[in-house]
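**Q** First, the structure itself, so that you have it in front of you.
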Amino acid sequence: MHEFDWSSIPNALPFLWDGMLISLEITLSAVVFGIVWGTLLALMRLSSITPLSWFAAGYVNLFRAVPLVMVLLWFFLIVPHLLESLFGLPRGTDMRLTSAIAGFALFEAAYYSEIIRAGIQSVPKGQMAAASALGMTYGQAMRLVVLPQAFRNMVPLLLTQGIILFQDTSLVYVSALADFFGAAYKVGDRDGRLVELLLFAGAVYFVLCFAASRVVRHYQNKMKTA
Amino acid sequence: MAYNWNWGVFLQPTATGDDSTYLDWMFHGLQMTIGLSLSAWLIALLLGAVVGVLRTVPNRWLSGVATAYVEFFRNIPLLVQLFLWYFVMPELLPENLGNAFKQTNPIVQQFLSSMICLALFTSARVAEQVRSGINSLPPGQKNAGLALGFTLSQTYRHVMLPMAVRLIVPPLTSEFLNIFKNSAVCSTIGLLELAAQGRQLVDYTAQPYESFIAVTVAYLLLNVVVMSGMRWVEAHVRVPGYIGGK
């Protein structure tokens, strides 16, 4: 049986905290960009302009059919080279954090856009009709009438997707970027205490995600009764 | 941009000396992805069905255990779970069992850890679908079963489950697709499935674009095949009177 020795964790806490900040930075930026780009994709998908809706459908289906690991590998191994040769950047510029954020944002936007599309479609048609009857343009009606109601209903789903995204950020491990999990792995590997560090990382993820999903559920129940 | 496209690279013999081509590598990766996903899926279905049913039974202890199971596997990232199975589990097992595991062929170690990890991770999600399927049945069905003198387990077996199983096929389709995509995570512990072969192809052929495009297309094709297969299943189990079972 393994003999536990947790002593390398206290000293590593500042390093792990820096990793956690990177995880959170990736999560937050990807959520924000993902929702903005996802909203645009949803609007394109629902628009009556055929090329736009085809583009959005193709984009969403493509990203939903490919594993996230594959998308991240594209963004770590291929895209930086492409950018280097396109813009003449110096070779070996460290773009891993930017690549990670871009990869996650583009990937998650596909999932967000499906949530947002369902949200828009759940708003009764009469709302759009009433807005048009009041003389609003399509854009005004979307912006002022439909989207605010749609987003209110979608908040729990969007947050849940955010929690999933936070868990998925651990996959930046494939680029050796020191996010929280990467940091924990590095410390464990260095000190020969991989078992303890991995258990610790698992526990931290569990506590954070469990608490966050509880908060979402609480909000959801409050919304139901309101 | 000066890049020499060379799609013929897949037909060249590999640099390892034997007479396999790079296309063979991709094919091996694809086989591994499919074998891993299907075996994990079978376990996930069985476990998920049991846990999902337990979540709905009127017994606090049983449903509490099932809820804890689901929460545990849903709130830890897949990658962390995989590393726990691969690096931590053999250390926590009784010494002779752990050593026996460590002495087996590394490919077997990687495959077993990946399979158990994917199976349990997916089973928690299957359990949620089973639970919501059972809860979506009108309560009258259960009451009618009990009123006819069935025991609770008979009611589950003959009344509720046959109906629930058919209702949850569409949501299970997306979990089935997910298990193929999630299997790519197993490349991180060195299992040579499709994504890992893709990385290896980049290293060996120095043709990154072709390699990655080929692997991505392979995933797309896999997705299409699985989806059309599940469409067929969905069409055959659809419950008349329910709209697509959704």
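Order determines the names: the first chain of the structure tokens is A, the second B, and so forth; residues in each chain are numbered 1 upward, and ligands are numbered 1 upward as they are shown.
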Provide as an mmCIF file with C-alpha atoms, in the first residue's frame the residues of chain A at most 6 Å from chain B, counting only C-alpha atoms.
**A**
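As a result, result_20.cif now contains:
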```cif
data_model
loop_
_atom_site.group_PDB
_atom_site.id
_atom_site.type_symbol
_atom_site.label_atom_id
_atom_site.label_comp_id
_atom_site.auth_asym_id
_atom_site.auth_seq_id
_atom_site.Cartn_x
_atom_site.Cartn_y
_atom_site.Cartn_z
ATOM 1 C CA MET A 1 0.000 0.000 0.000
ATOM 2 C CA HIS A 2 1.176 3.483 -0.818
ATOM 3 C CA ALA A 65 -18.085 16.418 -34.378
ATOM 4 C CA PRO A 67 -12.871 16.049 -30.156
ATOM 5 C CA GLN A 167 -13.260 21.195 -16.299
ATOM 6 C CA VAL A 195 -0.276 10.295 -6.340
ATOM 7 C CA TYR A 205 -11.856 20.391 -9.010
ATOM 8 C CA PHE A 206 -14.597 18.411 -7.300
ATOM 9 C CA CYS A 209 -17.441 22.292 -9.607
ATOM 10 C CA PHE A 210 -19.791 20.732 -7.069
#
```
**Q** As number ranges by chain, please: the residues near Ala66 (chain B) (cut-off 7 Å, only C-alpha atoms, same-chain neighbours under 2 positions excluded).
**A** B: 51, 54-55, 62-64, 68-70
**Q** Leaving out Trp6 (chain A) and any residue of its chain fewer than 4 positions from it, which residues lie within 10 Å of it when counting only C-alpha atoms, given as a PyMOL selection string?
**A** chain A and resi 10+193+195-197+200
**Q** In Å, how far is it from CA of Ser211 (chain B) to CA of Val9 (chain B)?
**A**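 For CA of Ser211 (chain B) relative to CA of Val9 (chain B), the distance reads 9.2 Å.
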**Q** What's the 8 Å shell around Phe76 (chain A), counting only C-alpha atoms, without same-chain residues fewer than 2 positions away, as number ranges by chain?
**A** A: 72-74, 78-80, 96, 99-100, 175
**Q** Please report the interatomic distance between CA of Ala119 (chain B) and CA of Ile43 (chain B) in Å with one decimal.
**A** 5.7 Å
